[in-house]
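In what follows, a single structure is set out as structure tokens and then discussed.
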Amino acid sequence: MKYISATQWRDLTDRHLYAEGDEFPFDGRDVPAERLDELAGSGNRAGFPLIRAVDVQDEPEEVLKEAEPEKAPEAKKTAPKKAPAKKPAAKKTTKK
């Protein structure tokens with residue numbers, strides 16, 4: 001089982017900033033069960049769950065892909081667009 005951040009928060013034990021969806025812990029270290037229960041419940045300083053458990057086998061592919069950085073699509077090289085030609089101003093005629 002792994003844990004992911006349910007919201008953006010800063011871990012007060014190591015000052016690491018977690019964004020929503022980040023894996024907890026960020027460095028793969030062992031975290032005591034009491035600490036996991038504290039962060040997954042409302043018994044922490046924030047008063048609401050900061051992490052949630054995710055079963056890796058049941059995890060949809062979209063969530064697994066979010067953990068991997070996406071490559072930006074390559075931009076197509078196109079000629080710069082030219083500004084539209086301005087129409088000449090119409091001459092005003094005066095009636096005599």
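The way I read the labels, and the way they are meant: chains A, B, ... in the order of the structure tokens, residue 1 as the first residue of every chain, and ligand 1 as the first ligand shown, with later ones counted on from there.
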
Legend entry - Who sits within 12 Å of region 10-16 of chain A, only C-alpha atoms, same chain under 5 positions skipped, as JSON, numbers by chain: {"A": [5, 22, 23, 24, 25, 26, 27, 29, 31, 35, 36, 38, 39, 44, 45, 46, 50, 51]}

Could you take the residues named above and write them with C-alpha atoms, as a CSV table (one decimal), in the first residue's frame?
chain,number,residue,atom,x,y,z
A,5,SER,CA,-1.0,13.6,-0.5
A,22,ASP,CA,2.5,13.6,-4.3
A,23,GLU,CA,3.7,10.3,-2.9
A,24,PHE,CA,4.2,10.1,0.8
A,25,PRO,CA,6.9,9.9,2.0
A,26,PHE,CA,8.8,11.6,-0.8
A,27,ASP,CA,12.0,9.7,-0.2
A,29,ARG,CA,11.7,6.1,4.1
A,31,VAL,CA,7.1,5.9,8.5
A,35,ARG,CA,2.4,8.8,12.0
A,36,LEU,CA,0.5,7.4,9.0
A,38,GLU,CA,-2.2,10.8,12.3
A,39,LEU,CA,-1.7,12.2,8.8
A,44,ASN,CA,-3.1,16.3,13.2
A,45,ARG,CA,-2.5,20.0,13.5
A,46,ALA,CA,-4.4,20.8,10.3
A,50,LEU,CA,-3.4,15.2,4.7
A,51,ILE,CA,-2.7,11.8,3.1

Legend entry - Distance of CA of Ile4 (chain A) from CA of Glu20 (chain A), expressed in Å to one decimal place: 7.7 Å

Legend entry - Using only C-alpha atoms: which of A:Ala40, A:Gly28, A:Gly47, A:Val56 has the shortest distance to Lys2 (chain A):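 Checking each candidate against Lys2 (chain A), we get A:Val56 as the closest.
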
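The two atoms in question, CA of Gln57 (chain A) and CA of Gln8 (chain A), are spaced 24.8 Å apart.
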
Inset, instruction - Considering only C-alpha atoms, state which residue in the set A:Thr94, A:Ala6, A:Tyr18, A:Asp55 is at the smallest distance from Gly41 (chain A). - result: A:Ala6

Inset, instruction - Rank A:Phe48, A:Val54, A:Glu34, A:Ser42 by their smallest atom-to-atom distance to Tyr3 (chain A), using only C-alpha atoms, and report the top residue only. - result: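 Under the stated criterion, the closest residue is A:Val54.
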
Legend entry - Distance criterion (only C-alpha atoms): nearest to Pro49 (chain A) out of A:Lys91, A:Trp9, A:Met1, A:Asp30: A:Trp9
